[in-house]
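**Student:** Please find target.txt (compact mmCIF, C-alpha atoms) on the next line:
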# COMPACT_ATOMS: atom_id res chain seq x y z
CA MET H 1 210.97 103.62 187.69
CA ARG H 2 207.23 102.96 187.36
CA ILE H 3 204.76 105.55 188.66
CA THR H 4 201.06 104.76 188.96
CA PHE H 5 198.29 107.32 189.45
CA SER H 6 194.90 105.98 190.58
CA ASP H 7 191.97 108.43 190.54
CA ALA H 8 194.45 111.09 191.61
CA GLY H 9 193.64 114.76 191.99
CA LYS H 10 195.25 117.96 193.22
CA ARG H 11 193.28 120.91 194.50
CA PHE H 12 194.29 124.39 195.65
CA ASN H 13 191.51 125.85 197.78
CA ARG H 14 188.37 125.02 195.78
CA GLU H 15 190.00 124.77 192.38
CA TRP H 16 190.98 121.36 190.99
CA ILE H 17 194.27 121.52 189.12
CA PHE H 18 193.67 117.98 187.88
CA ARG H 19 191.34 115.20 188.98
CA ASN H 20 190.38 111.61 188.12
CA PHE H 21 193.89 111.12 186.77
CA ASN H 22 194.72 107.48 186.03
CA LYS H 23 198.08 106.80 184.42
CA ASP H 24 201.05 104.46 184.45
CA PHE H 25 204.41 106.06 183.73
CA LEU H 26 206.55 103.12 182.64
CA PRO H 27 210.32 102.59 182.85
CA ALA H 28 212.40 103.98 179.98
CA GLU H 29 209.37 105.62 178.31
CA ARG H 30 209.14 109.30 177.36
CA TYR H 31 206.12 111.43 178.21
CA ALA H 32 205.06 115.02 177.58
CA ILE H 33 202.61 116.90 179.80
CA THR H 34 201.04 119.64 177.70
CA GLY H 35 198.50 122.42 178.22
CA PRO H 36 198.20 126.22 178.32
CA ASN H 37 200.25 128.37 180.68
CA GLY H 38 198.84 128.17 184.18
CA SER H 39 196.97 124.93 183.52
CA GLY H 40 198.89 122.93 186.14
CA LYS H 41 201.62 121.17 184.17
CA SER H 42 204.31 122.04 186.71
CA THR H 43 202.05 121.02 189.58
CA LEU H 44 201.56 117.57 188.07
CA LEU H 45 205.30 117.29 187.47
CA GLN H 46 206.02 118.09 191.12
CA VAL H 47 203.50 115.46 192.22
CA ILE H 48 205.24 112.94 189.95
CA GLY H 49 208.55 113.85 191.59
CA GLY H 50 207.14 113.33 195.08
CA SER H 51 207.64 116.93 196.19
CA MET H 52 203.92 117.74 196.37
CA ASP H 53 201.07 115.73 197.92
CA ILE H 54 197.81 115.00 196.13
CA SER H 55 194.35 115.88 197.44
CA ALA H 56 192.57 112.73 196.27
CA GLY H 57 193.41 109.26 195.00
CA LYS H 58 196.76 107.51 195.18
CA VAL H 59 200.24 107.63 193.67
CA THR H 60 202.75 104.80 193.95
CA TRP H 61 206.38 104.66 192.88
CA ARG H 62 208.19 101.40 192.17
CA THR H 63 211.88 100.92 191.54
CA ASN H 64 212.81 97.47 190.22
CA GLU H 65 209.27 96.37 191.17
CA VAL H 66 209.83 97.40 194.79
CA GLU H 67 207.51 100.12 196.11
CA THR H 68 209.36 103.27 197.11
CA ASP H 69 208.41 105.36 200.13
CA PRO H 70 207.13 108.77 198.88
CA GLU H 71 209.66 110.53 201.09
CA MET H 72 212.48 108.65 199.36
CA VAL H 73 211.42 109.32 195.75
CA TYR H 74 213.84 112.26 195.53
CA GLN H 75 216.74 109.80 195.62
CA PHE H 76 215.64 108.30 192.32
CA MET H 77 214.83 111.43 190.33
CA ALA H 78 216.46 114.56 188.95
CA ILE H 79 214.73 117.70 187.73
CA ALA H 80 215.53 120.80 185.72
CA ALA H 81 213.01 123.63 186.04
CA PRO H 82 212.93 127.45 185.76
CA TYR H 83 211.85 127.79 189.41
CA LEU H 84 214.87 125.83 190.71
CA GLU H 85 217.85 128.12 191.13
CA THR H 86 221.56 127.42 190.95
CA ILE H 87 223.91 128.46 193.76
CA GLU H 88 225.13 131.82 192.47
CA GLU H 89 228.28 131.93 194.63
CA PHE H 90 229.55 128.63 193.21
CA THR H 91 231.47 128.12 190.01
CA ALA H 92 230.11 125.56 187.53
CA THR H 93 232.74 123.09 188.75
CA GLU H 94 231.79 123.62 192.40
CA PHE H 95 228.06 123.43 191.65
CA LEU H 96 228.32 120.10 189.81
CA ASP H 97 230.70 118.70 192.43
CA PHE H 98 228.26 119.70 195.19
CA HIS H 99 225.35 118.11 193.31
CA SER H 100 227.28 114.88 192.73
CA LYS H 101 227.67 114.39 196.49
CA PHE H 102 223.90 113.79 196.66
CA LYS H 103 223.30 112.19 193.27
CA PRO H 104 226.31 110.69 191.51
CA PHE H 105 226.66 111.28 187.81
CA ILE H 106 226.53 108.61 185.13
CA LYS H 107 229.49 106.28 185.45
CA ASP H 108 232.75 107.26 183.75
CA ILE H 109 231.62 110.82 182.97
CA THR H 110 233.73 113.42 184.76
CA ILE H 111 232.71 116.92 185.76
CA PRO H 112 235.30 118.53 183.43
CA ALA H 113 233.88 116.41 180.58
CA ILE H 114 230.33 117.55 181.40
CA ILE H 115 231.37 121.19 181.47
CA GLU H 116 233.12 120.87 178.13
CA MET H 117 230.10 119.11 176.57
CA ILE H 118 227.76 121.93 177.58
CA GLY H 119 230.11 124.60 176.24
CA LEU H 120 231.14 126.14 179.56
CA LYS H 121 234.80 125.14 179.66
CA LYS H 122 236.05 128.73 179.51
CA ALA H 123 233.65 129.74 182.29
CA ALA H 124 234.19 126.69 184.51
CA ASP H 125 235.88 128.69 187.27
CA LYS H 126 233.68 131.77 187.04
CA GLN H 127 230.93 132.32 189.61
CA ILE H 128 227.49 131.38 188.28
CA ARG H 129 226.19 134.87 189.18
CA TYR H 130 228.09 136.15 186.13
CA TYR H 131 226.56 133.63 183.72
CA SER H 132 223.95 134.54 181.14
CA SER H 133 220.49 133.01 181.52
CA GLY H 134 221.30 130.58 178.71
CA MET H 135 224.50 129.43 180.39
CA LYS H 136 222.63 128.86 183.65
CA GLN H 137 220.03 126.78 181.82
CA ARG H 138 222.72 124.60 180.23
CA LEU H 139 224.09 123.98 183.73
CA LYS H 140 220.65 123.13 185.14
CA LEU H 141 220.06 120.65 182.34
CA ALA H 142 223.48 119.07 182.85
CA GLN H 143 223.02 118.45 186.59
CA ALA H 144 219.71 116.74 185.85
CA ILE H 145 220.45 114.77 182.68
CA PHE H 146 223.81 113.43 183.85
CA SER H 147 222.49 112.30 187.25
CA ASP H 148 222.53 108.52 187.52
CA VAL H 149 218.83 108.15 188.39
CA PRO H 150 215.92 106.32 186.71
CA LEU H 151 213.52 109.31 186.58
CA LEU H 152 214.24 112.57 184.74
CA LEU H 153 211.79 115.48 185.00
CA LEU H 154 212.16 118.46 182.66
CA ASP H 155 209.99 121.55 183.10
CA GLU H 156 210.18 123.94 180.13
CA PRO H 157 213.72 122.69 179.46
CA CYS H 158 214.56 125.08 176.61
CA THR H 159 213.84 128.25 178.61
CA ASN H 160 216.47 130.90 177.72
CA LEU H 161 218.25 128.62 175.22
CA ASP H 162 219.25 129.76 171.75
CA LEU H 163 219.19 127.45 168.73
CA ALA H 164 222.57 125.93 169.63
CA GLY H 165 221.38 125.36 173.19
CA ILE H 166 218.22 123.62 171.97
CA GLU H 167 220.29 121.34 169.74
CA LEU H 168 222.53 120.57 172.72
CA TYR H 169 219.46 119.74 174.84
CA HIS H 170 218.24 117.19 172.31
CA HIS H 171 221.73 115.72 171.98
CA LEU H 172 222.05 115.25 175.75
CA VAL H 173 218.61 113.69 176.12
CA ASN H 174 219.13 111.29 173.20
CA HIS H 175 222.62 110.21 174.27
CA TYR H 176 222.38 110.22 178.06
CA GLY H 177 218.67 109.69 178.73
CA ALA H 178 218.59 106.08 177.55
CA GLY H 179 216.92 103.75 180.04
CA LYS H 180 215.36 106.60 182.03
CA THR H 181 211.71 107.49 182.42
CA ILE H 182 211.65 111.02 181.00
CA ILE H 183 208.72 113.38 181.60
CA VAL H 184 208.66 116.83 179.98
CA SER H 185 206.27 119.59 181.02
CA SER H 186 205.83 122.02 178.12
CA ASN H 187 203.47 123.64 175.64
CA ASP H 188 206.25 123.89 173.03
CA SER H 189 206.60 120.81 170.81
CA THR H 190 210.28 121.64 170.25
CA GLU H 191 210.92 120.62 173.84
CA TYR H 192 209.15 117.25 173.70
CA SER H 193 209.47 116.10 170.08
CA PHE H 194 211.21 112.89 171.26
CA CYS H 195 208.30 111.89 173.55
CA ASN H 196 206.07 109.00 172.45
CA HIS H 197 203.27 109.68 174.95
CA ILE H 198 201.37 112.99 175.17
CA ILE H 199 199.20 113.90 178.17
CA ASN H 200 197.05 117.04 177.90
CA ILE H 201 196.35 118.16 181.45
CA THR H 202 193.18 119.98 180.36
CA ASP H 203 191.62 116.53 179.84
CA PHE H 204 191.70 116.04 183.62
CA LYS H 205 190.05 119.20 184.92
Mind turning the file's structure into structure tokens?

**Tutor:**
Amino acid sequence: MRITFSDAGKRFNREWIFRNFNKDFLPAERYAITGPNGSGKSTLLQVIGGSMDISAGKVTWRTNEVETDPEMVYQFMAIAAPYLETIEEFTATEFLDFHSKFKPFIKDITIPAIIEMIGLKKAADKQIRYYSSGMKQRLKLAQAIFSDVPLLLLDEPCTNLDLAGIELYHHLVNHYGAGKTIIVSSNDSTEYSFCNHIINITDFK
């Protein structure tokens, strides 16, 4: 997916979160959006994902060189973020099965295989409400990274992960993120060390 920002800006009341933003996000490239806490990284990420409108300028999305209606962008993207909750009454198996009805997973990868890869095999049939915060984060990352979509958005992806979880995160991105446009919102270089483009949102205030 290719996403083009032209003189784009987002404002809440009188405060500009970002403005005069011109950028092409190209297919299969990896980008990091950096900046202090509260600087608007998550806001920009939500605009990229089509879930938030801009206040000025223009954003276009193209899939295979065909322009995508902004209301349809969600079909081509997956996101993992701290503010997006899991369904606590579901088990991990039920949660991933439910998700796959809307966005199929990468071909030939089964839900049991995903659960085993993220270290939740023993807890596969336990309700998510009983999971630790780290286990929930592994599940959030899995539903996003394994989705068969061209755009992957990751907002503070290592939140609540221990060292083993961070290593798992990098393994999943490197092995199952190939060919996707990946955009990471973070102020921690550990989370975006694989990105080859860095965008500091404070440059667009």

**Student:** Pick the closest to H:Leu154 from H:Ala28, H:Ala142, H:Met1, H:Ile199: which is it, counting only C-alpha atoms?

**Tutor:**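 Looking only at the distances to H:Leu154, the closest residue turns out to be H:Ala142.
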
**Student:** Within 7 Å of (227.4, 124.7, 185.8), in the coordinates the file gives, what residues turn up when you count all atoms listed in the file, written out as a count of residues only?

**Tutor:** 9

**Student:** Show me, as an MDAnalysis selection string, the residues that have an atom within 12 Å of H:Thr86 when counting all atoms listed in the file, minus same-chain residues fewer than 2 positions from it.

**Tutor:** chainID H and resid 80:84 88:92 94:96 98:99 127:131 133 135:144

**Student:** Which residue gives the smallest distance to H:Asn160 among H:Gly134, H:Gly57, H:Gly49, H:Gly119, with all atoms listed in the file counted?

**Tutor:** H:Gly134

**Student:** Quick one: everything within 8 Å of H:Thr63, counting all atoms listed in the file, minus sequence neighbours fewer than 4 positions away in the same chain. Send it as a list in words.

**Tutor:**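 Skipping anything fewer than 4 positions along the chain leaves Met1, Arg2, Glu67 and Thr68 of chain H.
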
**Student:** Would you output that residue set with C-alpha atoms, as a compact mmCIF listing (two decimals), in the coordinates of the input?

**Tutor:**
# COMPACT_ATOMS: atom_id res chain seq x y z
CA MET H 1 210.97 103.62 187.69
CA ARG H 2 207.23 102.96 187.36
CA GLU H 67 207.51 100.12 196.11
CA THR H 68 209.36 103.27 197.11

**Student:** Between atom CA of H:Met117 and atom CA of H:Ser185, what is the distance in Å, rounded to a tenth?

**Tutor:** 24.2 Å
